[in-house]
$ cat structure-v9.cif   # mmCIF, C-alpha atoms
data_my_file
loop_
_atom_site.group_PDB
_atom_site.id
_atom_site.type_symbol
_atom_site.label_atom_id
_atom_site.label_comp_id
_atom_site.auth_asym_id
_atom_site.auth_seq_id
_atom_site.Cartn_x
_atom_site.Cartn_y
_atom_site.Cartn_z
ATOM 1 C CA MET A 1 -4.905 -2.632 -18.476
ATOM 2 C CA LEU A 2 -4.297 -4.237 -15.077
ATOM 3 C CA TRP A 3 -3.494 -0.886 -13.473
ATOM 4 C CA GLU A 4 -6.710 0.615 -14.822
ATOM 5 C CA ALA A 5 -8.682 -2.357 -13.484
ATOM 6 C CA LEU A 6 -7.121 -1.970 -10.034
ATOM 7 C CA PHE A 7 -7.876 1.773 -9.989
ATOM 8 C CA LEU A 8 -11.477 1.224 -11.095
ATOM 9 C CA GLY A 9 -11.832 -1.518 -8.480
ATOM 10 C CA LEU A 10 -10.688 0.888 -5.770
ATOM 11 C CA LEU A 11 -13.075 3.539 -7.059
ATOM 12 C CA ALA A 12 -16.015 1.109 -7.177
ATOM 13 C CA GLY A 13 -15.201 -0.161 -3.678
ATOM 14 C CA TRP A 14 -15.110 3.391 -2.340
ATOM 15 C CA LEU A 15 -18.434 4.245 -4.011
ATOM 16 C CA ARG A 16 -19.933 1.143 -2.390
ATOM 17 C CA LYS A 17 -18.783 2.451 1.013
ATOM 18 C CA GLY A 18 -15.979 -0.078 1.259
ATOM 19 C CA SER A 19 -12.741 0.533 3.150
ATOM 20 C CA ILE A 20 -9.253 0.382 1.697
ATOM 21 C CA LYS A 21 -8.100 -0.857 5.119
ATOM 22 C CA GLN A 22 -10.141 -3.998 4.491
ATOM 23 C CA LEU A 23 -7.615 -4.943 1.785
ATOM 24 C CA SER A 24 -5.133 -5.736 4.565
ATOM 25 C CA GLN A 25 -7.282 -8.809 5.298
ATOM 26 C CA ILE A 26 -6.463 -10.330 1.903
ATOM 27 C CA TYR A 27 -4.501 -13.542 2.233
ATOM 28 C CA ILE A 28 -3.603 -15.624 -0.802
ATOM 29 C CA ILE A 29 -2.473 -18.997 0.497
ATOM 30 C CA GLY A 30 -0.417 -19.624 -2.651
ATOM 31 C CA TRP A 31 1.404 -16.267 -2.651
ATOM 32 C CA PRO A 32 4.866 -17.962 -2.733
ATOM 33 C CA LEU A 33 3.813 -19.600 -6.018
ATOM 34 C CA ILE A 34 2.836 -16.214 -7.449
ATOM 35 C CA ILE A 35 6.194 -14.729 -6.445
ATOM 36 C CA PHE A 36 8.011 -17.712 -7.958
ATOM 37 C CA ALA A 37 6.096 -17.479 -11.264
ATOM 38 C CA LEU A 38 6.749 -13.741 -11.578
ATOM 39 C CA PHE A 39 10.409 -14.321 -10.709
ATOM 40 C CA VAL A 40 10.694 -16.877 -13.521
ATOM 41 C CA GLN A 41 9.163 -14.437 -16.011
ATOM 42 C CA ALA A 42 11.474 -11.650 -14.811
ATOM 43 C CA LEU A 43 14.449 -13.991 -15.173
ATOM 44 C CA ILE A 44 13.513 -14.723 -18.787
ATOM 45 C CA TRP A 45 13.091 -11.002 -19.513
ATOM 46 C CA ILE A 46 16.445 -10.088 -17.969
ATOM 47 C CA ASP A 47 18.293 -12.929 -19.701
ATOM 48 C CA PHE A 48 16.768 -11.894 -23.052
ATOM 49 C CA HIS A 49 17.402 -8.151 -22.795
ATOM 50 C CA LEU A 50 20.935 -8.574 -21.514
ATOM 51 C CA GLN A 51 21.451 -10.808 -24.540
ATOM 52 C CA ALA A 52 22.917 -13.460 -22.288
ATOM 53 C CA TYR A 53 20.652 -16.180 -23.716
ATOM 54 C CA HIS A 54 21.708 -18.692 -21.064
ATOM 55 C CA LEU A 55 18.094 -19.816 -20.786
ATOM 56 C CA SER A 56 16.969 -19.245 -24.374
ATOM 57 C CA SER A 57 16.542 -22.949 -25.133
ATOM 58 C CA ILE A 58 14.047 -23.320 -22.292
ATOM 59 C CA TYR A 59 12.248 -19.936 -22.486
ATOM 60 C CA PRO A 60 9.021 -21.573 -23.790
ATOM 61 C CA TYR A 61 8.986 -24.203 -21.039
ATOM 62 C CA LEU A 62 9.679 -21.673 -18.299
ATOM 63 C CA TYR A 63 7.058 -19.254 -19.599
ATOM 64 C CA THR A 64 4.386 -21.939 -19.975
ATOM 65 C CA GLY A 65 5.269 -23.377 -16.578
ATOM 66 C CA SER A 66 4.931 -19.973 -14.925
ATOM 67 C CA PHE A 67 1.280 -19.817 -16.024
ATOM 68 C CA ILE A 68 0.633 -23.285 -14.628
ATOM 69 C CA VAL A 69 2.110 -22.173 -11.294
ATOM 70 C CA LEU A 70 -0.022 -19.002 -11.314
ATOM 71 C CA LEU A 71 -3.117 -21.080 -11.966
ATOM 72 C CA ALA A 72 -2.239 -23.452 -9.118
ATOM 73 C CA SER A 73 -1.945 -20.517 -6.704
ATOM 74 C CA ILE A 74 -5.609 -19.632 -7.244
ATOM 75 C CA VAL A 75 -7.148 -23.104 -6.856
ATOM 76 C CA PRO A 76 -7.495 -22.965 -3.023
ATOM 77 C CA HIS A 77 -9.640 -19.818 -3.338
ATOM 78 C CA ARG A 78 -12.449 -21.256 -5.446
ATOM 79 C CA ASN A 79 -14.982 -19.268 -3.415
ATOM 80 C CA SER A 80 -13.521 -15.943 -4.602
ATOM 81 C CA THR A 81 -15.371 -14.682 -7.676
ATOM 82 C CA GLY A 82 -12.622 -12.225 -8.545
ATOM 83 C CA LEU A 83 -9.843 -14.806 -8.338
ATOM 84 C CA MET A 84 -11.887 -17.303 -10.358
ATOM 85 C CA VAL A 85 -12.311 -14.735 -13.150
ATOM 86 C CA ILE A 86 -8.569 -14.005 -12.992
ATOM 87 C CA GLY A 87 -7.916 -17.756 -13.079
ATOM 88 C CA THR A 88 -10.091 -18.078 -16.190
ATOM 89 C CA GLY A 89 -7.983 -15.412 -17.886
ATOM 90 C CA ILE A 90 -4.749 -17.151 -16.889
ATOM 91 C CA LEU A 91 -6.115 -20.451 -18.210
ATOM 92 C CA LEU A 92 -7.099 -18.914 -21.563
ATOM 93 C CA ASN A 93 -3.636 -17.393 -21.940
ATOM 94 C CA LEU A 94 -2.043 -20.687 -20.909
ATOM 95 C CA VAL A 95 -3.993 -22.583 -23.566
ATOM 96 C CA VAL A 96 -2.906 -20.340 -26.440
ATOM 97 C CA ILE A 97 0.692 -20.067 -25.198
ATOM 98 C CA ALA A 98 1.095 -23.823 -24.701
ATOM 99 C CA ALA A 99 -0.504 -24.555 -28.088
ATOM 100 C CA ASN A 100 1.923 -22.232 -29.883
ATOM 101 C CA GLY A 101 5.291 -23.377 -28.637
ATOM 102 C CA GLY A 102 5.375 -21.466 -25.370
ATOM 103 C CA MET A 103 4.865 -17.995 -26.856
ATOM 104 C CA MET A 104 1.859 -15.682 -27.097
ATOM 105 C CA PRO A 105 0.849 -15.103 -30.744
ATOM 106 C CA VAL A 106 0.309 -11.458 -31.700
ATOM 107 C CA GLU A 107 -1.766 -10.019 -34.555
ATOM 108 C CA GLY A 108 1.082 -8.665 -36.671
ATOM 109 C CA GLY A 109 -1.108 -6.490 -38.882
ATOM 110 C CA ALA A 110 -1.952 -4.287 -35.900
ATOM 111 C CA LEU A 111 1.702 -3.570 -35.138
ATOM 112 C CA PRO A 112 3.914 -0.800 -36.531
ATOM 113 C CA PRO A 113 6.124 -2.222 -39.313
ATOM 114 C CA ASP A 114 9.373 -1.799 -37.365
ATOM 115 C CA VAL A 115 7.941 -3.546 -34.290
ATOM 116 C CA TYR A 116 6.581 -6.384 -36.420
ATOM 117 C CA LYS A 117 9.975 -6.824 -38.069
ATOM 118 C CA GLU A 118 11.751 -7.062 -34.709
ATOM 119 C CA LEU A 119 9.119 -9.444 -33.343
ATOM 120 C CA ALA A 120 9.335 -11.717 -36.382
ATOM 121 C CA ALA A 121 13.129 -11.781 -36.041
ATOM 122 C CA GLY A 122 12.868 -12.743 -32.373
ATOM 123 C CA GLU A 123 14.535 -9.509 -31.273
ATOM 124 C CA LYS A 124 11.582 -7.792 -29.573
ATOM 125 C CA SER A 125 10.279 -10.151 -26.914
ATOM 126 C CA PRO A 126 10.976 -13.628 -25.504
ATOM 127 C CA PHE A 127 7.247 -14.053 -24.849
ATOM 128 C CA HIS A 128 5.585 -13.100 -28.155
ATOM 129 C CA LYS A 129 5.631 -13.995 -31.845
ATOM 130 C CA PRO A 130 3.537 -12.894 -34.852
ATOM 131 C CA MET A 131 0.463 -14.890 -35.811
ATOM 132 C CA ASN A 132 0.481 -16.849 -39.057
ATOM 133 C CA GLU A 133 -1.617 -19.484 -40.779
ATOM 134 C CA GLN A 134 -0.230 -22.187 -38.459
ATOM 135 C CA THR A 135 -1.256 -20.355 -35.285
ATOM 136 C CA LEU A 136 -3.562 -22.398 -33.070
ATOM 137 C CA PHE A 137 -6.404 -20.759 -31.115
ATOM 138 C CA ALA A 138 -5.559 -17.453 -32.782
ATOM 139 C CA PHE A 139 -8.724 -15.887 -31.371
ATOM 140 C CA LEU A 140 -7.140 -16.210 -27.896
ATOM 141 C CA GLY A 141 -3.970 -14.356 -28.911
ATOM 142 C CA ASP A 142 -3.045 -10.687 -28.551
ATOM 143 C CA ARG A 143 -5.333 -9.061 -31.088
ATOM 144 C CA ILE A 144 -7.716 -6.783 -29.163
ATOM 145 C CA THR A 145 -7.155 -3.021 -28.951
ATOM 146 C CA LEU A 146 -8.763 -0.589 -26.515
ATOM 147 C CA PHE A 147 -9.924 2.808 -27.759
ATOM 148 C CA TYR A 148 -7.622 4.699 -25.402
ATOM 149 C CA ARG A 149 -4.594 2.499 -26.149
ATOM 150 C CA PRO A 150 -4.708 1.776 -29.878
ATOM 151 C CA ASN A 151 -1.081 0.584 -29.965
ATOM 152 C CA GLN A 152 -1.455 -1.980 -27.184
ATOM 153 C CA LEU A 153 -2.753 -5.443 -28.045
ATOM 154 C CA LEU A 154 -4.562 -7.591 -25.514
ATOM 155 C CA SER A 155 -5.902 -11.123 -25.436
ATOM 156 C CA ILE A 156 -9.299 -12.357 -24.256
ATOM 157 C CA GLY A 157 -7.444 -13.795 -21.284
ATOM 158 C CA ASP A 158 -6.034 -10.343 -20.457
ATOM 159 C CA LEU A 159 -9.573 -8.926 -20.430
ATOM 160 C CA PHE A 160 -10.677 -11.647 -17.999
ATOM 161 C CA ILE A 161 -7.677 -10.923 -15.765
ATOM 162 C CA GLY A 162 -8.523 -7.211 -15.763
ATOM 163 C CA ALA A 163 -12.193 -7.884 -15.016
ATOM 164 C CA GLY A 164 -11.231 -10.293 -12.234
ATOM 165 C CA ALA A 165 -8.889 -7.745 -10.655
ATOM 166 C CA PHE A 166 -11.698 -5.170 -10.698
ATOM 167 C CA ILE A 167 -14.128 -7.576 -9.005
ATOM 168 C CA PHE A 168 -11.513 -8.790 -6.528
ATOM 169 C CA ILE A 169 -10.480 -5.337 -5.287
ATOM 170 C CA GLN A 170 -13.923 -3.832 -4.840
ATOM 171 C CA ARG A 171 -15.354 -6.962 -3.199
ATOM 172 C CA ASN A 172 -12.450 -7.200 -0.760
ATOM 173 C CA MET A 173 -12.970 -3.576 0.227
ATOM 174 C CA LEU A 174 -16.354 -4.743 1.545
ATOM 175 C CA ASP A 175 -15.471 -8.164 2.938
ATOM 176 C CA ASN A 176 -12.662 -10.740 2.887
ATOM 177 C CA ASP A 177 -13.110 -12.653 -0.368
ATOM 178 C CA THR A 178 -10.023 -14.877 -0.126
ATOM 179 C CA LYS A 179 -11.130 -17.494 2.378
ATOM 180 C CA VAL A 180 -9.745 -20.933 1.486
ATOM 181 C CA GLN A 181 -12.269 -23.279 -0.109
ATOM 182 C CA LYS A 182 -12.445 -26.494 1.894
ATOM 183 C CA GLY A 183 -12.372 -29.754 -0.028
ATOM 184 C CA PRO A 184 -14.364 -32.963 0.702
ATOM 185 C CA PHE A 185 -11.591 -34.313 2.950
ATOM 186 C CA ASP A 186 -11.554 -31.133 5.042
ATOM 187 C CA LYS A 187 -15.331 -31.236 5.464
ATOM 188 C CA HIS A 188 -15.220 -34.907 6.522
ATOM 189 C CA LYS A 189 -12.460 -34.140 9.022
ATOM 190 C CA GLN A 190 -14.464 -31.210 10.380
ATOM 191 C CA HIS A 191 -17.505 -33.491 10.768
ATOM 192 C CA LEU A 192 -15.492 -36.103 12.679
ATOM 193 C CA THR A 193 -14.051 -33.408 14.973
ATOM 194 C CA ALA A 194 -17.542 -32.103 15.729
ATOM 195 C CA GLN A 195 -18.735 -35.667 16.443
ATOM 196 C CA LYS A 196 -15.855 -36.285 18.856
ATOM 197 C CA GLU A 197 -16.486 -33.014 20.679
ATOM 198 C CA HIS A 198 -20.167 -33.956 21.017
ATOM 199 C CA GLN A 199 -19.292 -37.387 22.450
ATOM 200 C CA ASP A 200 -16.794 -35.903 24.920
ATOM 201 C CA SER A 201 -19.397 -33.489 26.178
#
$ encode --input "structure-v9.cif" --output "structure tokens"
Amino acid sequence: MLWEALFLGLLAGWLRKGSIKQLSQIYIIGWPLIIFALFVQALIWIDFHLQAYHLSSIYPYLYTGSFIVLLASIVPHRNSTGLMVIGTGILLNLVVIAANGGMMPVEGGALPPDVYKELAAGEKSPFHKPMNEQTLFAFLGDRITLFYRPNQLLSIGDLFIGAGAFIFIQRNMLDNDTKVQKGPFDKHKQHLTAQKEHQDS
């Protein structure tokens, strides 16, 4: 869904007379955190599919932690509507993952029988497990299907992330939407600097 959201964002930005060159002005101050979080998730995936299982005992902690890191990378850009919507989606996914042992619960009834069997046996994914009666916040799990992808399950958080990506791309084609939000300390410091410059003059 993310790729569709990015494409639609580009299309909407173009229709609004935005420029794709404007996207070069995007600067996410926490981009190293994003790279680190994605690296951790890739490491889990590789370890699982190579059947090395060196990290299997800490998969849930690494996966949950990667979402916390992703969320932290967005905090400095509280003025960006798109990133705030993406952050809401990450937070919703984090809540359901953390509440269910570090794995995203999936609506098993919507899966093909062979996929469900592999998932229940822990052979399909290091990130997902079937929902059951003990699942917490089940409504936040992977249980939503889109009409054009009936075999793909999404969470409410995934929908927020997709919507945020759409908003982020098309708005940044019109203007830079990733300026860092200044906190109270920064504003006080800026005020003192302005006062000093006034006195010196």
$ resolve_selection --input "structure-v9.cif" --expression "the PyMOL selection byres ((chain A and resi 135-142) around 12)" --output "ChimeraX atom specification"
/A:89-111,127-134,143-146,151-160
$ atom_distance --input "structure-v9.cif" --atom1 "atom CA of Leu2 of chain A" --atom2 "atom CA of Ala163 of chain A"
8.7 Å
$ resolve_selection --input "structure-v9.cif" --expression "the PyMOL selection byres ((chain A and resi 61-77) around 8)" --output "VMD selection string"
chain A and resid 28 to 31 33 to 34 36 to 38 40 to 41 44 58 to 60 78 to 80 83 to 84 87 90 to 91 94 97 to 98 102 to 103 127 178 to 182
$ write_last_selection --input "structure-v9.cif" --atoms "C-alpha atoms" --output "JSON list (two decimals), in the frame of the given file"
[["chain", "number", "residue", "atom", "x", "y", "z"],
["A", 28, "ILE", "CA", -3.60, -15.62, -0.80],
["A", 29, "ILE", "CA", -2.47, -19.00, 0.50],
["A", 30, "GLY", "CA", -0.42, -19.62, -2.65],
["A", 31, "TRP", "CA", 1.40, -16.27, -2.65],
["A", 33, "LEU", "CA", 3.81, -19.60, -6.02],
["A", 34, "ILE", "CA", 2.84, -16.21, -7.45],
["A", 36, "PHE", "CA", 8.01, -17.71, -7.96],
["A", 37, "ALA", "CA", 6.10, -17.48, -11.26],
["A", 38, "LEU", "CA", 6.75, -13.74, -11.58],
["A", 40, "VAL", "CA", 10.69, -16.88, -13.52],
["A", 41, "GLN", "CA", 9.16, -14.44, -16.01],
["A", 44, "ILE", "CA", 13.51, -14.72, -18.79],
["A", 58, "ILE", "CA", 14.05, -23.32, -22.29],
["A", 59, "TYR", "CA", 12.25, -19.94, -22.49],
["A", 60, "PRO", "CA", 9.02, -21.57, -23.79],
["A", 78, "ARG", "CA", -12.45, -21.26, -5.45],
["A", 79, "ASN", "CA", -14.98, -19.27, -3.42],
["A", 80, "SER", "CA", -13.52, -15.94, -4.60],
["A", 83, "LEU", "CA", -9.84, -14.81, -8.34],
["A", 84, "MET", "CA", -11.89, -17.30, -10.36],
["A", 87, "GLY", "CA", -7.92, -17.76, -13.08],
["A", 90, "ILE", "CA", -4.75, -17.15, -16.89],
["A", 91, "LEU", "CA", -6.12, -20.45, -18.21],
["A", 94, "LEU", "CA", -2.04, -20.69, -20.91],
["A", 97, "ILE", "CA", 0.69, -20.07, -25.20],
["A", 98, "ALA", "CA", 1.10, -23.82, -24.70],
["A", 102, "GLY", "CA", 5.38, -21.47, -25.37],
["A", 103, "MET", "CA", 4.86, -18.00, -26.86],
["A", 127, "PHE", "CA", 7.25, -14.05, -24.85],
["A", 178, "THR", "CA", -10.02, -14.88, -0.13],
["A", 179, "LYS", "CA", -11.13, -17.49, 2.38],
["A", 180, "VAL", "CA", -9.74, -20.93, 1.49],
["A", 181, "GLN", "CA", -12.27, -23.28, -0.11],
["A", 182, "LYS", "CA", -12.44, -26.49, 1.89]]
$ closest_residue --input "structure-v9.cif" --among "A:Pro126, A:Gly162, A:Pro112, A:Arg149" --to "Ser56 of chain A" --atoms "all atoms listed in the file"
A:Pro126
$ residues_around --input "structure-v9.cif" --residues "Lys17 of chain A" --least-positions-apart "3" --cutoff "10 Å" --atoms "all atoms listed in the file" --output "PDB file with C-alpha atoms, in the frame of the given file"
ATOM      1  CA  LEU A  11     -13.075   3.539  -7.059  1.00  0.00           C
ATOM      2  CA  ALA A  12     -16.015   1.109  -7.177  1.00  0.00           C
ATOM      3  CA  GLY A  13     -15.201  -0.161  -3.678  1.00  0.00           C
ATOM      4  CA  TRP A  14     -15.110   3.391  -2.340  1.00  0.00           C
ATOM      5  CA  ILE A  20      -9.253   0.382   1.697  1.00  0.00           C
ATOM      6  CA  GLN A 170     -13.923  -3.832  -4.840  1.00  0.00           C
ATOM      7  CA  MET A 173     -12.970  -3.576   0.227  1.00  0.00           C
ATOM      8  CA  LEU A 174     -16.354  -4.743   1.545  1.00  0.00           C
TER       9      LEU A 174
END
$ atom_distance --input "structure-v9.cif" --atom1 "atom CA of Leu55 of chain A" --atom2 "atom CA of Leu119 of chain A"
18.6 Å
$ resolve_selection --input "structure-v9.cif" --expression "the PyMOL selection byres ((chain A and resi 165) around 10)" --output "VMD selection string"
chain A and resid 2 to 9 81 to 83 85 to 86 159 to 164 166 to 171
$ write_last_selection --input "structure-v9.cif" --atoms "C-alpha atoms" --output "CSV table (one decimal), in the frame of the given file"
chain,number,residue,atom,x,y,z
A,2,LEU,CA,-4.3,-4.2,-15.1
A,3,TRP,CA,-3.5,-0.9,-13.5
A,4,GLU,CA,-6.7,0.6,-14.8
A,5,ALA,CA,-8.7,-2.4,-13.5
A,6,LEU,CA,-7.1,-2.0,-10.0
A,7,PHE,CA,-7.9,1.8,-10.0
A,8,LEU,CA,-11.5,1.2,-11.1
A,9,GLY,CA,-11.8,-1.5,-8.5
A,81,THR,CA,-15.4,-14.7,-7.7
A,82,GLY,CA,-12.6,-12.2,-8.5
A,83,LEU,CA,-9.8,-14.8,-8.3
A,85,VAL,CA,-12.3,-14.7,-13.2
A,86,ILE,CA,-8.6,-14.0,-13.0
A,159,LEU,CA,-9.6,-8.9,-20.4
A,160,PHE,CA,-10.7,-11.6,-18.0
A,161,ILE,CA,-7.7,-10.9,-15.8
A,162,GLY,CA,-8.5,-7.2,-15.8
A,163,ALA,CA,-12.2,-7.9,-15.0
A,164,GLY,CA,-11.2,-10.3,-12.2
A,166,PHE,CA,-11.7,-5.2,-10.7
A,167,ILE,CA,-14.1,-7.6,-9.0
A,168,PHE,CA,-11.5,-8.8,-6.5
A,169,ILE,CA,-10.5,-5.3,-5.3
A,170,GLN,CA,-13.9,-3.8,-4.8
A,171,ARG,CA,-15.4,-7.0,-3.2
$ atom_distance --input "structure-v9.cif" --atom1 "atom CA of Glu123 of chain A" --atom2 "atom CA of Ile46 of chain A"
13.5 Å
$ closest_residue --input "structure-v9.cif" --among "A:Gln51, A:Ser57, A:Gln22, A:Thr88" --to "Asn172 of chain A" --atoms "all atoms listed in the file"
A:Gln22
$ decode --input "structure-v9.cif" --residues "segment 61-153 of chain A" --atoms "C-alpha atoms" --output "PDB file, in the first residue's frame"
ATOM      1  CA  TYR A  61      12.410  -6.871  21.531  1.00  0.00           C
ATOM      2  CA  LEU A  62      14.257  -5.842  18.382  1.00  0.00           C
ATOM      3  CA  TYR A  63      11.052  -5.514  16.375  1.00  0.00           C
ATOM      4  CA  THR A  64       9.266  -3.492  19.060  1.00  0.00           C
ATOM      5  CA  GLY A  65      12.348  -1.343  19.576  1.00  0.00           C
ATOM      6  CA  SER A  66      12.578  -0.585  15.859  1.00  0.00           C
ATOM      7  CA  PHE A  67       9.114   1.011  15.984  1.00  0.00           C
ATOM      8  CA  ILE A  68      10.112   3.123  18.974  1.00  0.00           C
ATOM      9  CA  VAL A  69      13.167   4.338  17.043  1.00  0.00           C
ATOM     10  CA  LEU A  70      11.021   5.121  13.979  1.00  0.00           C
ATOM     11  CA  LEU A  71       8.638   7.106  16.149  1.00  0.00           C
ATOM     12  CA  ALA A  72      11.524   9.043  17.708  1.00  0.00           C
ATOM     13  CA  SER A  73      12.794  10.023  14.251  1.00  0.00           C
ATOM     14  CA  ILE A  74       9.555  11.890  13.527  1.00  0.00           C
ATOM     15  CA  VAL A  75       9.240  13.866  16.779  1.00  0.00           C
ATOM     16  CA  PRO A  76      11.414  16.840  15.655  1.00  0.00           C
ATOM     17  CA  HIS A  77       9.073  17.423  12.691  1.00  0.00           C
ATOM     18  CA  ARG A  78       5.863  18.041  14.619  1.00  0.00           C
ATOM     19  CA  ASN A  79       4.933  20.802  12.169  1.00  0.00           C
ATOM     20  CA  SER A  80       4.701  18.329   9.265  1.00  0.00           C
ATOM     21  CA  THR A  81       1.132  17.089   8.835  1.00  0.00           C
ATOM     22  CA  GLY A  82       2.217  14.161   6.691  1.00  0.00           C
ATOM     23  CA  LEU A  83       4.867  12.969   9.138  1.00  0.00           C
ATOM     24  CA  MET A  84       2.465  13.350  12.067  1.00  0.00           C
ATOM     25  CA  VAL A  85      -0.078  11.113  10.305  1.00  0.00           C
ATOM     26  CA  ILE A  86       2.701   8.604   9.567  1.00  0.00           C
ATOM     27  CA  GLY A  87       3.770   8.838  13.215  1.00  0.00           C
ATOM     28  CA  THR A  88       0.202   8.093  14.323  1.00  0.00           C
ATOM     29  CA  GLY A  89       0.240   4.952  12.189  1.00  0.00           C
ATOM     30  CA  ILE A  90       3.595   3.866  13.619  1.00  0.00           C
ATOM     31  CA  LEU A  91       2.285   4.458  17.145  1.00  0.00           C
ATOM     32  CA  LEU A  92      -0.862   2.388  16.523  1.00  0.00           C
ATOM     33  CA  ASN A  93       1.231  -0.477  15.158  1.00  0.00           C
ATOM     34  CA  LEU A  94       3.642  -0.147  18.078  1.00  0.00           C
ATOM     35  CA  VAL A  95       0.801  -0.406  20.591  1.00  0.00           C
ATOM     36  CA  VAL A  96      -0.608  -3.640  19.167  1.00  0.00           C
ATOM     37  CA  ILE A  97       2.835  -5.182  18.591  1.00  0.00           C
ATOM     38  CA  ALA A  98       4.092  -4.359  22.092  1.00  0.00           C
ATOM     39  CA  ALA A  99       0.847  -5.605  23.669  1.00  0.00           C
ATOM     40  CA  ASN A 100       1.120  -8.963  21.893  1.00  0.00           C
ATOM     41  CA  GLY A 101       4.634 -10.074  22.685  1.00  0.00           C
ATOM     42  CA  GLY A 102       6.467  -8.139  19.996  1.00  0.00           C
ATOM     43  CA  MET A 103       4.544  -9.550  17.024  1.00  0.00           C
ATOM     44  CA  MET A 104       1.748  -8.180  14.846  1.00  0.00           C
ATOM     45  CA  PRO A 105      -1.445 -10.259  15.224  1.00  0.00           C
ATOM     46  CA  VAL A 106      -3.079 -11.301  11.948  1.00  0.00           C
ATOM     47  CA  GLU A 107      -6.707 -12.268  11.289  1.00  0.00           C
ATOM     48  CA  GLY A 108      -6.160 -15.949  10.533  1.00  0.00           C
ATOM     49  CA  GLY A 109      -9.586 -16.518   8.997  1.00  0.00           C
ATOM     50  CA  ALA A 110      -8.679 -14.231   6.099  1.00  0.00           C
ATOM     51  CA  LEU A 111      -5.578 -16.243   5.217  1.00  0.00           C
ATOM     52  CA  PRO A 112      -5.284 -19.255   2.904  1.00  0.00           C
ATOM     53  CA  PRO A 113      -5.172 -22.455   5.000  1.00  0.00           C
ATOM     54  CA  ASP A 114      -1.563 -23.284   4.096  1.00  0.00           C
ATOM     55  CA  VAL A 115      -0.368 -19.771   4.988  1.00  0.00           C
ATOM     56  CA  TYR A 116      -2.270 -19.857   8.276  1.00  0.00           C
ATOM     57  CA  LYS A 117      -0.713 -23.215   9.134  1.00  0.00           C
ATOM     58  CA  GLU A 118       2.811 -21.918   8.501  1.00  0.00           C
ATOM     59  CA  LEU A 119       2.121 -18.722  10.445  1.00  0.00           C
ATOM     60  CA  ALA A 120       0.719 -20.620  13.424  1.00  0.00           C
ATOM     61  CA  ALA A 121       3.788 -22.876  13.406  1.00  0.00           C
ATOM     62  CA  GLY A 122       6.108 -19.865  13.390  1.00  0.00           C
ATOM     63  CA  GLU A 123       7.512 -20.805   9.985  1.00  0.00           C
ATOM     64  CA  LYS A 124       6.101 -17.951   7.881  1.00  0.00           C
ATOM     65  CA  SER A 125       7.231 -14.707   9.472  1.00  0.00           C
ATOM     66  CA  PRO A 126       9.245 -13.474  12.469  1.00  0.00           C
ATOM     67  CA  PHE A 127       6.947 -10.445  12.704  1.00  0.00           C
ATOM     68  CA  HIS A 128       3.421 -11.918  12.631  1.00  0.00           C
ATOM     69  CA  LYS A 129       1.242 -14.442  14.448  1.00  0.00           C
ATOM     70  CA  PRO A 130      -2.441 -15.440  14.156  1.00  0.00           C
ATOM     71  CA  MET A 131      -5.017 -13.708  16.325  1.00  0.00           C
ATOM     72  CA  ASN A 132      -6.754 -15.685  19.055  1.00  0.00           C
ATOM     73  CA  GLU A 133      -8.981 -15.027  22.040  1.00  0.00           C
ATOM     74  CA  GLN A 134      -5.998 -13.743  24.056  1.00  0.00           C
ATOM     75  CA  THR A 135      -5.041 -11.125  21.466  1.00  0.00           C
ATOM     76  CA  LEU A 136      -5.001  -7.598  22.864  1.00  0.00           C
ATOM     77  CA  PHE A 137      -6.152  -4.619  20.770  1.00  0.00           C
ATOM     78  CA  ALA A 138      -7.149  -7.026  18.007  1.00  0.00           C
ATOM     79  CA  PHE A 139      -8.879  -4.212  16.124  1.00  0.00           C
ATOM     80  CA  LEU A 140      -5.411  -2.688  15.543  1.00  0.00           C
ATOM     81  CA  GLY A 141      -4.003  -5.884  14.020  1.00  0.00           C
ATOM     82  CA  ASP A 142      -3.701  -6.951  10.384  1.00  0.00           C
ATOM     83  CA  ARG A 143      -7.317  -7.583   9.463  1.00  0.00           C
ATOM     84  CA  ILE A 144      -8.252  -5.054   6.760  1.00  0.00           C
ATOM     85  CA  THR A 145      -8.333  -6.004   3.072  1.00  0.00           C
ATOM     86  CA  LEU A 146      -8.388  -3.650   0.090  1.00  0.00           C
ATOM     87  CA  PHE A 147     -10.630  -4.440  -2.873  1.00  0.00           C
ATOM     88  CA  TYR A 148      -7.716  -4.630  -5.303  1.00  0.00           C
ATOM     89  CA  ARG A 149      -5.556  -6.749  -2.978  1.00  0.00           C
ATOM     90  CA  PRO A 150      -7.909  -9.229  -1.319  1.00  0.00           C
ATOM     91  CA  ASN A 151      -5.048 -11.466  -0.137  1.00  0.00           C
ATOM     92  CA  GLN A 152      -3.111  -8.709   1.623  1.00  0.00           C
ATOM     93  CA  LEU A 153      -4.047  -7.798   5.188  1.00  0.00           C
TER      94      LEU A 153
END
